[in-house]
Protein chains: 2
Amino acid sequence: MALGKDYELQDCPIARALELVGERWTILVIRDCFLGVSRFNDFLVHLDIPRAVLTNRLDRLVTEGMLERREYRPGRNEYLLTDRGLSLWPILHSLAEWGDQQAAPPAGRRRLFAHTECGSDLDAAGACPTCGVVPDAGDVEIRPGPGAELALRDDRVTRALFSPHRILQPLELTTERSTRSSGSS
Amino acid sequence: MALGKDYELQDCPIARALELVGERWTILVIRDCFLGVSRFNDFLVHLDIPRAVLTNRLDRLVTEGMLERREYRPGRNEYLLTDRGLSLWPILHSLAEWGDQQAAPPAGRRRLFAHTECGSDLDAAGACPTCGVVPDAGDVEIRPGPGAELALRDDRVTRALFSPHRILQPLELTTERSTRSSGSS
DNA sequence: CGGGACGGTCTGTTCACTGAACCGTACGCC
DNA sequence: GGCGTACGGTTCAGTGAACAGACCGTCCCG
């Protein structure tokens with residue numbers, strides 16, 4: 001549906017995958033989920049995505065079983081990756097790897113991924129060079145890379161994402177919100 | 001451009017990758033290239049893609065350096081993967097792997113991939129279980145899988161793709177064209 | 001020289017994305 | 001309890017891309 005009737009006729013696992021995650025914005029929403037974004041407004045701020053499209057993508061991801069919608073407070077939902085959503089990690093990883101390989105930012109990567117248990121940076125294959133295993137997404141930590149200072153965005157979600165934290169760990173933005181009183185218009 | 005202005009602001013390798021290959025149809029065009037499709041009309045028949053869109057995607061892939069346009073006869077172009085295009089293989093593989101894992105056709109896979117040198121079927125990681133290596137795309141062979149008979153499509157390109165051949169090897173459709181005289185409207 | 005395949009371009013219609021306004025609920029504060 | 005604001009959506013007009021199908025020039029084949 002999302003990608004037009006033709007995809008349904010492409011009897012191919014790639015086409016089936018694209019049916020589910022090939023729509024515009026979908027992959028970036030999932031990427032944000034892995035980074036720890038979970039609330040409607042945080043996606044909105046971080047992605048600059050039209051509200052209607054975000055609503056649509058979140059709904060679809062929930063019905064497809066990639067995300068779970070959870071009311072953490074009456075009327076306020078958060079969206080968390082399910083096991084099915086987590087299984088998308090290799091796809092995101094291969095995309096990220098290719099993107100870096102083909103068009104790495106001049107100042108170096110803005111985010112690095114490290115194995116939580118031992119602290120080593122992951123290699124290109126997503127494996128931990130020290131432990132020799134490919135850690136689960138839950139055991140991966142995000143850290144600012146050499147290019148972090150040159151980040152293009154400066155919203156509160158982006159800032160929060162640059163402080164070291166585990167993948168999948170919902171961002172704690174409340175602390176920052178209280179310190180915000182100083183600056184900003 | 002292709003995916004909207006916002007992607008440019010997503011300082012992330014995934015967004016950069018999607019800028020180049022995230023547009024609708026693009027991945028499927030590249031998939032067909034890997035399978036051996038190389039001519040305008042063959043893409044058209046196999047993908048059921050609007051002509052204008054195909055023209056657009058091929059042009060874009062050529063200018064991005066993923067494909068090389070070669071005139072194999074005056075006025076007739078063929079499109080071949082460049083090294084840069086070949087480097088997309090891990091992305092396609094992760095997509096295919098996920099698609100099969102999540103929604104495998106009931107009768108089994110329609111296409112299998114085997115290592116040309118030893119003949120073994122590749123495992124989920126794309127590695128050859130016999131040789132213990134991950135073969136280059138050029139050393140991978142396509143064969144019909146158990147679900148091949150239930151293929152949804154029945155154009156001449158689809159049929160050609162089900163006869164064993166190497167990946168990247170341009171399809172030889174001329175032979176079939178001569179045998180076609182029997183059936184079809 | 002005529003017919004068909006091929007590789008495109010052009011055109012009108014439909015559909016999805018976009019941006020902005022609007023709305024109801026829940027909390028924080030007094 | 002009343003008021004303001006943040007949040008999470010929905011609604012709606014405007015725009016651009018995708019779609020289906022007609023059209024067109026070139027080359028090959030008989």
# chains A, B, ... in the order shown; residues from 1 in each chain; ligands from 1

$ interface_residues --of "chain D" --to "chain B" --cutoff "8 Å" --atoms "only C-alpha atoms (C1' of nucleotides)" --output "compact mmCIF listing (two decimals) with N, CA and C atoms (P, O5', C5', C4', C3', O3' and C1' of nucleotides), in the first residue's frame"
# COMPACT_ATOMS: atom_id res chain seq x y z
P DA D 18 8.51 10.50 -7.60
O5' DA D 18 7.11 9.81 -7.86
C5' DA D 18 6.43 9.22 -6.77
C4' DA D 18 5.14 8.59 -7.24
C3' DA D 18 5.32 7.49 -8.28
O3' DA D 18 4.37 6.48 -7.97
C1' DA D 18 3.91 9.15 -9.14
P DC D 19 4.51 5.03 -8.59
O5' DC D 19 3.37 4.99 -9.70
C5' DC D 19 2.02 5.21 -9.27
C4' DC D 19 1.12 5.51 -10.44
C3' DC D 19 1.29 4.59 -11.64
O3' DC D 19 0.17 3.71 -11.69
C1' DC D 19 0.94 6.88 -12.27
P DA D 20 0.13 2.42 -12.63
O5' DA D 20 -0.65 2.92 -13.93
C5' DA D 20 -1.84 3.66 -13.76
C4' DA D 20 -2.38 4.09 -15.11
C3' DA D 20 -2.11 3.10 -16.24
O3' DA D 20 -3.30 2.98 -17.01
C1' DA D 20 -1.18 5.22 -16.77
P DT D 26 15.34 10.50 -35.77
O5' DT D 26 15.93 9.07 -35.39
C5' DT D 26 16.55 8.89 -34.13
C4' DT D 26 16.85 7.42 -33.92
C3' DT D 26 17.53 6.75 -35.11
O3' DT D 26 18.76 6.22 -34.67
C1' DT D 26 15.72 5.44 -34.30
P DC D 27 19.84 5.69 -35.74
O5' DC D 27 19.62 4.11 -35.66
C5' DC D 27 19.81 3.44 -34.42
C4' DC D 27 19.19 2.06 -34.50
C3' DC D 27 19.72 1.19 -35.64
O3' DC D 27 20.34 0.05 -35.08
C1' DC D 27 17.34 1.10 -35.48

$ interface_residues --of "chain C" --to "chain B" --cutoff "10 Å" --atoms "only C-alpha atoms (C1' of nucleotides)" --output "list in words"
DA5, DC6, DG7, DG8, DT9, DC10, DC17 and DT18 of chain C

$ write_last_selection --atoms "N, CA and C atoms (P, O5', C5', C4', C3', O3' and C1' of nucleotides)" --output "PDB file, in the first residue's frame"
ATOM      1  P    DA C   5       7.016  -6.361 -31.442  1.00  0.00           P
ATOM      2  O5'  DA C   5       8.434  -5.979 -30.815  1.00  0.00           O
ATOM      3  C5'  DA C   5       9.601  -6.674 -31.227  1.00  0.00           C
ATOM      4  C4'  DA C   5      10.819  -5.851 -30.884  1.00  0.00           C
ATOM      5  C3'  DA C   5      10.852  -5.373 -29.427  1.00  0.00           C
ATOM      6  O3'  DA C   5      12.142  -5.629 -28.902  1.00  0.00           O
ATOM      7  C1'  DA C   5      11.093  -3.527 -30.906  1.00  0.00           C
ATOM      8  P    DC C   6      12.396  -5.518 -27.329  1.00  0.00           P
ATOM      9  O5'  DC C   6      13.087  -4.096 -27.199  1.00  0.00           O
ATOM     10  C5'  DC C   6      14.198  -3.780 -28.033  1.00  0.00           C
ATOM     11  C4'  DC C   6      14.455  -2.294 -28.017  1.00  0.00           C
ATOM     12  C3'  DC C   6      14.445  -1.660 -26.617  1.00  0.00           C
ATOM     13  O3'  DC C   6      15.756  -1.204 -26.350  1.00  0.00           O
ATOM     14  C1'  DC C   6      13.347  -0.311 -28.234  1.00  0.00           C
ATOM     15  P    DG C   7      16.177  -0.852 -24.861  1.00  0.00           P
ATOM     16  O5'  DG C   7      15.979   0.727 -24.813  1.00  0.00           O
ATOM     17  C5'  DG C   7      16.829   1.548 -25.599  1.00  0.00           C
ATOM     18  C4'  DG C   7      16.379   2.980 -25.535  1.00  0.00           C
ATOM     19  C3'  DG C   7      16.141   3.513 -24.108  1.00  0.00           C
ATOM     20  O3'  DG C   7      16.558   4.868 -24.047  1.00  0.00           O
ATOM     21  C1'  DG C   7      14.221   3.821 -25.374  1.00  0.00           C
ATOM     22  P    DG C   8      17.248   5.407 -22.699  1.00  0.00           P
ATOM     23  O5'  DG C   8      16.303   6.431 -21.976  1.00  0.00           O
ATOM     24  C5'  DG C   8      14.918   6.440 -22.140  1.00  0.00           C
ATOM     25  C4'  DG C   8      14.492   7.476 -23.157  1.00  0.00           C
ATOM     26  C3'  DG C   8      13.733   8.626 -22.547  1.00  0.00           C
ATOM     27  O3'  DG C   8      14.426   9.848 -22.739  1.00  0.00           O
ATOM     28  C1'  DG C   8      12.498   7.613 -24.335  1.00  0.00           C
ATOM     29  P    DT C   9      13.951  11.092 -21.810  1.00  0.00           P
ATOM     30  O5'  DT C   9      12.672  11.678 -22.553  1.00  0.00           O
ATOM     31  C5'  DT C   9      12.830  12.323 -23.816  1.00  0.00           C
ATOM     32  C4'  DT C   9      11.481  12.819 -24.298  1.00  0.00           C
ATOM     33  C3'  DT C   9      10.824  13.847 -23.371  1.00  0.00           C
ATOM     34  O3'  DT C   9      10.361  14.935 -24.164  1.00  0.00           O
ATOM     35  C1'  DT C   9       9.330  12.073 -23.798  1.00  0.00           C
ATOM     36  P    DC C  10       9.737  16.229 -23.422  1.00  0.00           P
ATOM     37  O5'  DC C  10       8.167  15.965 -23.468  1.00  0.00           O
ATOM     38  C5'  DC C  10       7.571  15.618 -24.703  1.00  0.00           C
ATOM     39  C4'  DC C  10       6.052  15.515 -24.566  1.00  0.00           C
ATOM     40  C3'  DC C  10       5.426  16.502 -23.577  1.00  0.00           C
ATOM     41  O3'  DC C  10       4.251  17.047 -24.173  1.00  0.00           O
ATOM     42  C1'  DC C  10       4.848  14.271 -22.980  1.00  0.00           C
ATOM     43  P    DC C  17       3.343   9.857   2.117  1.00  0.00           P
ATOM     44  O5'  DC C  17       3.943  11.335   2.119  1.00  0.00           O
ATOM     45  C5'  DC C  17       4.911  11.667   1.127  1.00  0.00           C
ATOM     46  C4'  DC C  17       5.099  13.157   1.084  1.00  0.00           C
ATOM     47  C3'  DC C  17       5.477  13.781   2.427  1.00  0.00           C
ATOM     48  O3'  DC C  17       6.578  14.635   2.210  1.00  0.00           O
ATOM     49  C1'  DC C  17       3.661  14.929   1.473  1.00  0.00           C
ATOM     50  P    DT C  18       7.274  15.372   3.421  1.00  0.00           P
ATOM     51  O5'  DT C  18       6.537  16.771   3.465  1.00  0.00           O
ATOM     52  C5'  DT C  18       6.645  17.647   2.345  1.00  0.00           C
ATOM     53  C4'  DT C  18       5.901  18.938   2.598  1.00  0.00           C
ATOM     54  C3'  DT C  18       6.129  19.556   3.973  1.00  0.00           C
ATOM     55  O3'  DT C  18       6.826  20.772   3.795  1.00  0.00           O
ATOM     56  C1'  DT C  18       3.827  19.612   3.340  1.00  0.00           C
TER      57       DT C  18
END

$ closest_atom_pairs --of "chain A" --to "chain B" --cutoff "9 Å" --atoms "only C-alpha atoms" --output "CSV"
residue,atom,partner,partner_atom,distance
A:Leu3,CA,B:Arg24,CA,7.1
A:Asp6,CA,B:Asp48,CA,6.4
A:Tyr7,CA,B:Leu47,CA,8.2
A:Leu9,CA,B:Leu152,CA,6.2
A:Gln10,CA,B:Leu47,CA,7.2
A:Asp11,CA,B:Leu152,CA,6.1
A:Cys12,CA,B:Ala96,CA,7.7
A:Pro13,CA,B:Gly99,CA,4.4
A:Ile14,CA,B:Ala96,CA,4.5
A:Ala15,CA,B:Leu28,CA,7.1
A:Arg16,CA,B:Gly99,CA,5.6
A:Ala17,CA,B:Gly99,CA,4.6
A:Leu18,CA,B:Leu95,CA,7.9
A:Gly22,CA,B:Gly22,CA,7.5
A:Glu23,CA,B:Arg24,CA,7.6
A:Arg24,CA,B:Leu3,CA,7.0
A:Trp25,CA,B:Leu3,CA,8.5
A:Ile27,CA,B:Ile14,CA,8.5
A:Leu28,CA,B:Ala15,CA,7.2
A:Arg31,CA,B:Ile14,CA,8.2
A:His46,CA,B:Gln10,CA,8.5
A:Leu47,CA,B:Asp6,CA,7.2
A:Asp48,CA,B:Asp6,CA,6.4
A:Ile49,CA,B:Asp6,CA,7.5
A:Arg84,CA,B:Gln102,CA,8.2
A:Ser87,CA,B:Trp98,CA,7.6
A:Leu88,CA,B:Trp98,CA,7.2
A:Pro90,CA,B:Ser94,CA,6.2
A:Ile91,CA,B:Ser94,CA,5.3
A:Leu92,CA,B:Ile14,CA,7.0
A:His93,CA,B:Ile14,CA,8.2
A:Ser94,CA,B:Ile91,CA,5.3
A:Leu95,CA,B:Ile14,CA,5.3
A:Ala96,CA,B:Ile14,CA,4.5
A:Glu97,CA,B:Pro13,CA,7.3
A:Trp98,CA,B:Ala17,CA,6.7
A:Gly99,CA,B:Pro13,CA,4.4
A:Asp100,CA,B:Pro13,CA,5.3
A:Gln101,CA,B:Pro13,CA,8.7
A:Gln102,CA,B:Arg84,CA,8.3
A:Ala103,CA,B:Arg16,CA,7.4
A:Ala104,CA,B:Pro13,CA,7.4
A:Pro105,CA,B:Asp11,CA,8.7
A:Arg109,CA,B:Pro13,CA,8.6
A:Arg110,CA,B:Cys12,CA,7.7
A:Arg111,CA,B:Cys12,CA,8.4
A:Ala151,CA,B:Asp11,CA,6.5
A:Leu152,CA,B:Asp11,CA,6.1
A:Arg153,CA,B:Leu9,CA,6.9

$ write_last_selection --atoms "C-alpha atoms" --output "PDB file, in the first residue's frame"
ATOM      1  CA  LEU A   3       4.700   2.014  -1.827  1.00  0.00           C
ATOM      2  CA  ASP A   6       3.578  -2.893  -7.732  1.00  0.00           C
ATOM      3  CA  TYR A   7       5.636  -3.810  -4.771  1.00  0.00           C
ATOM      4  CA  LEU A   9       3.807  -8.174  -7.122  1.00  0.00           C
ATOM      5  CA  GLN A  10       7.528  -8.210  -6.601  1.00  0.00           C
ATOM      6  CA  ASP A  11       7.881 -11.675  -5.191  1.00  0.00           C
ATOM      7  CA  CYS A  12      11.075 -10.833  -3.439  1.00  0.00           C
ATOM      8  CA  PRO A  13      12.068 -10.482   0.185  1.00  0.00           C
ATOM      9  CA  ILE A  14      13.535  -7.067  -0.497  1.00  0.00           C
ATOM     10  CA  ALA A  15      10.241  -5.793  -1.798  1.00  0.00           C
ATOM     11  CA  ARG A  16       8.465  -7.263   1.213  1.00  0.00           C
ATOM     12  CA  ALA A  17      10.866  -5.482   3.505  1.00  0.00           C
ATOM     13  CA  LEU A  18      10.386  -2.218   1.646  1.00  0.00           C
ATOM     14  CA  GLY A  22      10.515   1.616   2.735  1.00  0.00           C
ATOM     15  CA  GLU A  23       8.205   4.554   3.082  1.00  0.00           C
ATOM     16  CA  ARG A  24       9.637   7.962   3.418  1.00  0.00           C
ATOM     17  CA  TRP A  25      10.570   8.872   6.996  1.00  0.00           C
ATOM     18  CA  ILE A  27      13.565   4.382   8.606  1.00  0.00           C
ATOM     19  CA  LEU A  28      14.483   7.646  10.270  1.00  0.00           C
ATOM     20  CA  ARG A  31      16.611   5.138  13.770  1.00  0.00           C
ATOM     21  CA  HIS A  46      14.390  15.975  16.032  1.00  0.00           C
ATOM     22  CA  LEU A  47      13.156  15.014  12.584  1.00  0.00           C
ATOM     23  CA  ASP A  48      11.376  18.167  11.412  1.00  0.00           C
ATOM     24  CA  ILE A  49       8.704  15.852  10.167  1.00  0.00           C
ATOM     25  CA  ARG A  84      10.322  -7.189  15.641  1.00  0.00           C
ATOM     26  CA  SER A  87      15.332  -7.079  14.362  1.00  0.00           C
ATOM     27  CA  LEU A  88      15.731  -4.164  11.963  1.00  0.00           C
ATOM     28  CA  PRO A  90      21.160  -5.030  10.759  1.00  0.00           C
ATOM     29  CA  ILE A  91      19.401  -2.989   8.096  1.00  0.00           C
ATOM     30  CA  LEU A  92      20.041   0.277   9.912  1.00  0.00           C
ATOM     31  CA  HIS A  93      23.591  -0.760  10.507  1.00  0.00           C
ATOM     32  CA  SER A  94      24.291  -1.573   6.881  1.00  0.00           C
ATOM     33  CA  LEU A  95      22.771   1.743   5.829  1.00  0.00           C
ATOM     34  CA  ALA A  96      24.826   3.653   8.354  1.00  0.00           C
ATOM     35  CA  GLU A  97      27.962   1.810   7.347  1.00  0.00           C
ATOM     36  CA  TRP A  98      27.419   2.556   3.701  1.00  0.00           C
ATOM     37  CA  GLY A  99      26.553   6.173   4.358  1.00  0.00           C
ATOM     38  CA  ASP A 100      29.736   6.678   6.313  1.00  0.00           C
ATOM     39  CA  GLN A 101      31.834   4.886   3.769  1.00  0.00           C
ATOM     40  CA  GLN A 102      30.478   6.863   0.844  1.00  0.00           C
ATOM     41  CA  ALA A 103      30.097  10.292   2.318  1.00  0.00           C
ATOM     42  CA  ALA A 104      31.733  10.580   5.682  1.00  0.00           C
ATOM     43  CA  PRO A 105      31.570  14.067   7.171  1.00  0.00           C
ATOM     44  CA  ARG A 109      31.697  10.721  12.612  1.00  0.00           C
ATOM     45  CA  ARG A 110      29.401  12.592  14.889  1.00  0.00           C
ATOM     46  CA  ARG A 111      28.344   9.568  16.861  1.00  0.00           C
ATOM     47  CA  ALA A 151      26.397  18.829  14.260  1.00  0.00           C
ATOM     48  CA  LEU A 152      23.933  20.581  11.993  1.00  0.00           C
ATOM     49  CA  ARG A 153      21.082  20.592  14.414  1.00  0.00           C
TER      50      ARG A 153
END

$ select_by_dssp --residues "chain A" --states "strand (DSSP E)" --output "NGL selection string"
:A and (67-73 or 76-81 or 111-115 or 140-144 or 165-166)
